[in-house]
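> Pasting in a structure now, in structure tokens, and then I'll have a few things to ask.
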There are 2 protein chains.
Amino acid sequence: MERKTHQKQSILNALYALSGTHPTAENVYEHVSLLIPTISRATVYRVLNQFAGQGTVLQLHVPDSGDHYDGNTEPHLHLLCGSCKRVTDISVPGFNPLELAQAESSGCRITGFELLFLGLCPDCAAE
Amino acid sequence: MERKTHQKQSILNALYALSGTHPTAENVYEHVSLLIPTISRATVYRVLNQFAGQGTVLQLHVPDSGDHYDGNTEPHLHLLCGSCKRVTDISVPGFNPLELAQAESSGCRITGFELLFLGLCPDCAAE
DNA sequence: CTCCTTAATGATAATACATCTCAATTGATT
DNA sequence: AATCAATTGAGATGTATTATCATTAAGGAG
């Protein structure tokens, strides 16, 4: 059976504490290290993957960067800022991924998608 | 000024020859090596990045895999098959990325997007 | 055609990110 | 408290890619 460990709990806490920043595994490692100085990177990567598999966190594959994690599992979209390289949440009203299922007409079965917008985040766009 | 080299030409030829297979840099390297046995991986990676920057090829960032390249620069969509792990082209009639620009209402500027569908390719879906 | 400048290349080291291995630890059950 | 397997920590390993730098060669000038 799966066990509760304080490493896992601390990683979960870190994800909430870093909510909105879309931390990388390294970011999470740094944050958890403050509480558990002996924690291993391997544990952080392992647990984050486990959480992602369970749907406890979202795993974002970001080009030219390591994976980012999001403790907010509500469906929402992300923007990678070409200037500051941060990942921010964006809302796109009226965007319905289910429409895309039409693509099944070409013989494939679509079960999901990965979508990342590229551009400038509000902070960088304001400059 | 940018120079034409036979390495670049061969890489371009390889992209056309491998069109439809969405090769990785390694795949391109293997193919070009047949013609130019002394070519270096560094050259292949460098040239592919250069081409991607110029819009000569599309660079596809595929999760849990290296980057893939597509000599077909016509706008089209891709599916990553969860079974055979191949990247295939798909068409989604009526899918208009420009609608998504509405997201600019939240203060960001969107210049592009990366979209990858996940599921089963026609071959694997048929099994 | 030959010379010259410098972009481009090849070989390899270095980096980044992530996973694997395995002995030691520890959570949970008895 | 004893047991046993899940989990961890430390470091080796793996994979994809980029950096470094001496050498090569593209292509314009004479």
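Each chain in the structure tokens gets a letter, A, B and so on, in the order shown; residues start at 1 in every chain, and ligands are counted from 1 in the order they appear.
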Pull out every residue of chain D sitting within 7 Å of chain A, counting only C-alpha atoms (C1' of nucleotides), and send them as a PyMOL selection string.
chain D and resi 6+8-9
> From a DSSP pass on the backbone, collect the residues of range 17-72 of chain A flagged as alpha helix (DSSP H) and hand them back as a count of residues only.
26
> Neighbouring residues of Thr111 in chain B were defined as those with any atom within 9 Å, considering only C-alpha atoms (C1' of nucleotides); residues of the same chain fewer than 4 positions away were excluded. Please report them as a list of chain:residue names.
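Non-adjacent residues within range: A:Phe117, A:Leu118, A:Gly119, A:Leu120, B:Ala101.
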> Give me a file of those residues, with C-alpha atoms, as a tab-separated table (two decimals), in the first residue's frame.

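The resulting result_17.tsv:
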```tsv
chain	number	residue	atom	x	y	z
A	117	PHE	CA	0.74	29.55	-25.40
A	118	LEU	CA	3.81	31.54	-26.32
A	119	GLY	CA	4.08	35.27	-26.02
A	120	LEU	CA	4.54	37.83	-23.28
B	101	ALA	CA	-6.03	35.45	-29.11
```
> What residues in chain A have any atom no more than 12 Å from chain B when counting only C-alpha atoms, and can you write them as a compact mmCIF listing (two decimals) with N, CA and C atoms, in the first residue's frame?

```
# COMPACT_ATOMS: atom_id res chain seq x y z
N GLN A 59 1.51 18.26 -14.57
CA GLN A 59 2.90 18.29 -15.03
C GLN A 59 2.91 19.04 -16.36
N LEU A 60 3.68 20.11 -16.41
CA LEU A 60 3.72 20.92 -17.62
C LEU A 60 5.06 20.71 -18.31
N HIS A 61 5.02 20.26 -19.55
CA HIS A 61 6.25 20.08 -20.32
C HIS A 61 6.55 21.38 -21.04
N VAL A 62 7.59 22.03 -20.61
CA VAL A 62 7.91 23.36 -21.13
C VAL A 62 9.16 23.27 -22.01
N PRO A 63 9.04 23.73 -23.26
CA PRO A 63 10.17 23.66 -24.17
C PRO A 63 11.39 24.38 -23.63
N ASP A 64 12.56 23.81 -23.87
CA ASP A 64 13.81 24.43 -23.48
C ASP A 64 13.87 24.72 -21.98
N SER A 65 13.25 23.87 -21.21
CA SER A 65 13.23 24.02 -19.76
C SER A 65 12.83 22.67 -19.20
N GLY A 66 13.06 22.49 -17.94
CA GLY A 66 12.61 21.26 -17.32
C GLY A 66 11.10 21.29 -17.15
N ASP A 67 10.54 20.18 -16.69
CA ASP A 67 9.11 20.14 -16.43
C ASP A 67 8.76 21.08 -15.30
N HIS A 68 7.57 21.65 -15.41
CA HIS A 68 7.04 22.50 -14.34
C HIS A 68 5.83 21.79 -13.75
N HIS A 76 -7.08 24.73 -16.68
CA HIS A 76 -6.77 26.10 -17.08
C HIS A 76 -5.60 26.07 -18.04
N LEU A 77 -5.28 27.19 -18.62
CA LEU A 77 -4.27 27.22 -19.67
C LEU A 77 -3.04 28.00 -19.22
N HIS A 78 -1.96 27.77 -19.93
CA HIS A 78 -0.68 28.36 -19.52
C HIS A 78 -0.03 29.13 -20.65
N LEU A 79 0.72 30.12 -20.25
CA LEU A 79 1.48 30.94 -21.19
C LEU A 79 2.94 30.93 -20.78
N LEU A 80 3.79 30.62 -21.74
CA LEU A 80 5.23 30.73 -21.49
C LEU A 80 5.69 32.07 -22.03
N CYS A 81 6.19 32.90 -21.14
CA CYS A 81 6.63 34.24 -21.56
C CYS A 81 8.00 34.14 -22.22
N GLY A 82 8.07 34.67 -23.42
CA GLY A 82 9.32 34.62 -24.17
C GLY A 82 10.39 35.53 -23.61
N SER A 83 9.99 36.43 -22.74
CA SER A 83 10.94 37.37 -22.17
C SER A 83 11.46 36.89 -20.81
N VAL A 87 6.08 30.82 -16.46
CA VAL A 87 4.81 30.24 -16.90
C VAL A 87 3.71 30.87 -16.07
N THR A 88 2.74 31.46 -16.73
CA THR A 88 1.63 32.06 -16.00
C THR A 88 0.31 31.43 -16.45
N ASP A 89 -0.69 31.53 -15.59
CA ASP A 89 -2.01 31.03 -15.94
C ASP A 89 -2.69 32.05 -16.84
N ILE A 90 -3.45 31.55 -17.80
CA ILE A 90 -4.28 32.47 -18.57
C ILE A 90 -5.66 31.84 -18.72
N SER A 91 -6.63 32.71 -18.92
CA SER A 91 -7.98 32.19 -19.15
C SER A 91 -8.36 32.53 -20.58
N VAL A 92 -8.94 31.58 -21.24
CA VAL A 92 -9.39 31.78 -22.61
C VAL A 92 -10.87 31.40 -22.66
N PRO A 93 -11.71 32.39 -22.43
CA PRO A 93 -13.15 32.09 -22.38
C PRO A 93 -13.61 31.54 -23.73
N GLY A 94 -14.41 30.53 -23.68
CA GLY A 94 -14.97 29.99 -24.91
C GLY A 94 -14.10 28.96 -25.59
N PHE A 95 -12.96 28.69 -24.99
CA PHE A 95 -12.09 27.69 -25.59
C PHE A 95 -12.51 26.32 -25.10
N ASN A 96 -12.94 25.49 -26.01
CA ASN A 96 -13.48 24.19 -25.62
C ASN A 96 -12.69 23.05 -26.26
N PRO A 97 -11.84 22.44 -25.47
CA PRO A 97 -10.98 21.36 -25.97
C PRO A 97 -11.76 20.20 -26.56
N LEU A 98 -12.99 20.04 -26.10
CA LEU A 98 -13.77 18.89 -26.55
C LEU A 98 -14.09 18.96 -28.03
N GLU A 99 -14.20 20.19 -28.54
CA GLU A 99 -14.43 20.34 -29.97
C GLU A 99 -13.37 19.61 -30.77
N LEU A 100 -12.19 19.64 -30.18
CA LEU A 100 -11.04 19.12 -30.90
C LEU A 100 -11.17 17.63 -31.14
N ALA A 101 -12.04 17.01 -30.39
CA ALA A 101 -12.24 15.57 -30.53
C ALA A 101 -12.73 15.21 -31.92
N GLN A 102 -13.13 16.23 -32.67
CA GLN A 102 -13.53 16.00 -34.05
C GLN A 102 -12.40 15.36 -34.85
N ALA A 103 -11.21 15.60 -34.38
CA ALA A 103 -10.05 15.09 -35.11
C ALA A 103 -10.06 13.57 -35.18
N GLU A 104 -10.90 12.97 -34.36
CA GLU A 104 -10.97 11.52 -34.38
C GLU A 104 -11.44 11.01 -35.74
N SER A 105 -12.01 11.90 -36.50
CA SER A 105 -12.49 11.51 -37.82
C SER A 105 -11.37 10.96 -38.69
N SER A 106 -10.17 11.35 -38.40
CA SER A 106 -9.06 10.88 -39.24
C SER A 106 -8.52 9.53 -38.77
N GLY A 107 -9.25 8.89 -37.87
CA GLY A 107 -8.87 7.52 -37.51
C GLY A 107 -8.10 7.38 -36.23
N CYS A 108 -7.78 8.50 -35.59
CA CYS A 108 -7.04 8.39 -34.34
C CYS A 108 -7.97 8.60 -33.15
N ARG A 109 -7.50 8.23 -32.00
CA ARG A 109 -8.30 8.42 -30.79
C ARG A 109 -7.59 9.44 -29.92
N ILE A 110 -8.26 10.50 -29.63
CA ILE A 110 -7.63 11.57 -28.85
C ILE A 110 -8.11 11.51 -27.42
N THR A 111 -7.17 11.44 -26.51
CA THR A 111 -7.55 11.34 -25.11
C THR A 111 -7.14 12.57 -24.31
N GLY A 112 -6.36 13.43 -24.92
CA GLY A 112 -5.92 14.61 -24.19
C GLY A 112 -5.07 15.48 -25.08
N PHE A 113 -4.52 16.51 -24.50
CA PHE A 113 -3.67 17.39 -25.29
C PHE A 113 -2.75 18.16 -24.36
N GLU A 114 -1.70 18.67 -24.94
CA GLU A 114 -0.82 19.58 -24.22
C GLU A 114 -0.79 20.87 -25.00
N LEU A 115 -1.13 21.91 -24.34
CA LEU A 115 -1.21 23.21 -25.01
C LEU A 115 -0.49 24.24 -24.18
N LEU A 116 0.38 24.96 -24.84
CA LEU A 116 1.11 26.03 -24.17
C LEU A 116 1.13 27.22 -25.09
N PHE A 117 0.68 28.33 -24.59
CA PHE A 117 0.74 29.55 -25.40
C PHE A 117 2.10 30.20 -25.25
N LEU A 118 2.53 30.83 -26.32
CA LEU A 118 3.81 31.54 -26.32
C LEU A 118 3.53 33.02 -26.53
N GLY A 119 4.28 33.84 -25.85
CA GLY A 119 4.08 35.27 -26.02
C GLY A 119 4.72 36.04 -24.90
N LEU A 120 4.01 37.02 -24.38
CA LEU A 120 4.54 37.83 -23.28
C LEU A 120 3.52 37.84 -22.15
N CYS A 121 4.00 37.66 -20.95
CA CYS A 121 3.12 37.69 -19.78
C CYS A 121 2.70 39.14 -19.53
N PRO A 122 1.68 39.36 -18.73
CA PRO A 122 1.19 40.73 -18.49
C PRO A 122 2.30 41.69 -18.04
N ASP A 123 3.18 41.23 -17.16
CA ASP A 123 4.26 42.10 -16.68
C ASP A 123 5.16 42.55 -17.83
N CYS A 124 5.60 41.57 -18.63
CA CYS A 124 6.52 41.90 -19.72
C CYS A 124 5.82 42.65 -20.85
N ALA A 125 4.54 42.36 -21.07
CA ALA A 125 3.80 43.03 -22.13
C ALA A 125 3.60 44.51 -21.81
N ALA A 126 3.60 44.84 -20.52
CA ALA A 126 3.37 46.22 -20.09
C ALA A 126 4.58 47.12 -20.32
N GLU A 127 5.74 46.51 -20.47
CA GLU A 127 6.97 47.31 -20.62
C GLU A 127 7.10 47.96 -22.01
```
> Could you list, with a cut-off of 9 Å and counting only C-alpha atoms (C1' of nucleotides), the residues of chain C near chain A, each shown with its nearest atom pair and the distance in Å rounded to one decimal, rows sorted by chain and ascending number, as JSON lines?

```
{"residue": "C:DA16", "atom": "C1'", "partner": "A:Gly66", "partner_atom": "CA", "distance": 8.5}
{"residue": "C:DC17", "atom": "C1'", "partner": "A:Gly66", "partner_atom": "CA", "distance": 6.4}
{"residue": "C:DA18", "atom": "C1'", "partner": "A:Tyr45", "partner_atom": "CA", "distance": 7.7}
{"residue": "C:DT19", "atom": "C1'", "partner": "A:Ala42", "partner_atom": "CA", "distance": 8.1}
{"residue": "C:DT26", "atom": "C1'", "partner": "A:Thr5", "partner_atom": "CA", "distance": 8.8}
{"residue": "C:DG27", "atom": "C1'", "partner": "A:Arg3", "partner_atom": "CA", "distance": 6.3}
{"residue": "C:DA28", "atom": "C1'", "partner": "A:Arg3", "partner_atom": "CA", "distance": 7.8}
```
> For DT21 in chain C, find every residue with an atom within 10 Å (counting only C-alpha atoms (C1' of nucleotides)), except residues of its own chain fewer than 6 positions away, and show them as a list of chain:residue names.
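Selected residues are D:DG11, D:DA12, D:DT13.
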> For DT20 in chain D, find every residue with an atom within 10 Å (counting only C-alpha atoms (C1' of nucleotides)), except residues of its own chain fewer than 5 positions away, and show them as a PDB file with N, CA and C atoms (P, O5', C5', C4', C3', O3' and C1' of nucleotides), in the first residue's frame.

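The result, stored in out.pdb:
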```
ATOM      1  P    DT C  12      37.238  12.749 -30.640  1.00  0.00           P
ATOM      2  O5'  DT C  12      36.961  13.607 -29.329  1.00  0.00           O
ATOM      3  C5'  DT C  12      37.732  14.784 -29.105  1.00  0.00           C
ATOM      4  C4'  DT C  12      37.093  15.585 -27.984  1.00  0.00           C
ATOM      5  C3'  DT C  12      36.504  14.722 -26.856  1.00  0.00           C
ATOM      6  O3'  DT C  12      36.845  15.339 -25.639  1.00  0.00           O
ATOM      7  C1'  DT C  12      34.942  16.285 -27.561  1.00  0.00           C
ATOM      8  P    DA C  13      36.847  14.578 -24.252  1.00  0.00           P
ATOM      9  O5'  DA C  13      36.625  15.801 -23.266  1.00  0.00           O
ATOM     10  C5'  DA C  13      37.239  17.049 -23.571  1.00  0.00           C
ATOM     11  C4'  DA C  13      36.400  18.165 -22.991  1.00  0.00           C
ATOM     12  C3'  DA C  13      35.863  17.868 -21.595  1.00  0.00           C
ATOM     13  O3'  DA C  13      36.022  19.036 -20.808  1.00  0.00           O
ATOM     14  C1'  DA C  13      34.045  18.311 -23.066  1.00  0.00           C
ATOM     15  P    DA C  14      35.506  19.094 -19.285  1.00  0.00           P
ATOM     16  O5'  DA C  14      34.059  19.706 -19.460  1.00  0.00           O
ATOM     17  C5'  DA C  14      33.903  20.933 -20.174  1.00  0.00           C
ATOM     18  C4'  DA C  14      32.444  21.320 -20.156  1.00  0.00           C
ATOM     19  C3'  DA C  14      31.763  21.142 -18.797  1.00  0.00           C
ATOM     20  O3'  DA C  14      31.071  22.339 -18.500  1.00  0.00           O
ATOM     21  C1'  DA C  14      30.514  20.076 -20.492  1.00  0.00           C
TER      22       DA C  14
END
```
> Could you give me, as a PyMOL selection string, the residues within 12 Å of DT24 in chain D, counting only C-alpha atoms (C1' of nucleotides) and dropping anything in the same chain fewer than 5 positions from it?
(chain B and resi 5) or (chain C and resi 6-10)
> Save the residues we just selected, C-alpha atoms (C1' of nucleotides), as a CSV table (one decimal), in the first residue's frame?

```
chain,number,residue,atom,x,y,z
B,5,THR,CA,27.3,24.3,-47.0
C,6,DT,C1',35.4,34.6,-41.2
C,7,DA,C1',31.4,31.6,-41.0
C,8,DA,C1',30.9,26.9,-40.3
C,9,DT,C1',32.3,22.5,-38.9
C,10,DG,C1',34.1,18.3,-36.2
```
> Check chain B with DSSP on the backbone and list each residue it calls strand (DSSP E), as a PyMOL selection string.
chain B and resi 58-60+68-70+77-81+87-90+109-120
> With only C-alpha atoms (C1' of nucleotides) as the basis for distance, which of C:DT29, C:DC22, C:DT15, C:DC1 is at the shortest distance from DA2 in chain D?
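Nearest candidate to DA2 in chain D out of C:DT29, C:DC22, C:DT15, C:DC1: C:DT29.
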> How many Å separate C1' of DG27 in chain D from CA of Tyr29 in chain B?
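For C1' of DG27 in chain D relative to CA of Tyr29 in chain B, the distance reads 26.5 Å.
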> Go ahead and compute the interatomic distance for CA of Gly55 in chain B and CA of Leu34 in chain B, in Å to one decimal.
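Distance between the two atoms: 25.8 Å.
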> Please indicate the distance in Å from CA of Val57 in chain A to CA of Thr73 in chain A, rounded to one decimal place.
5.9 Å
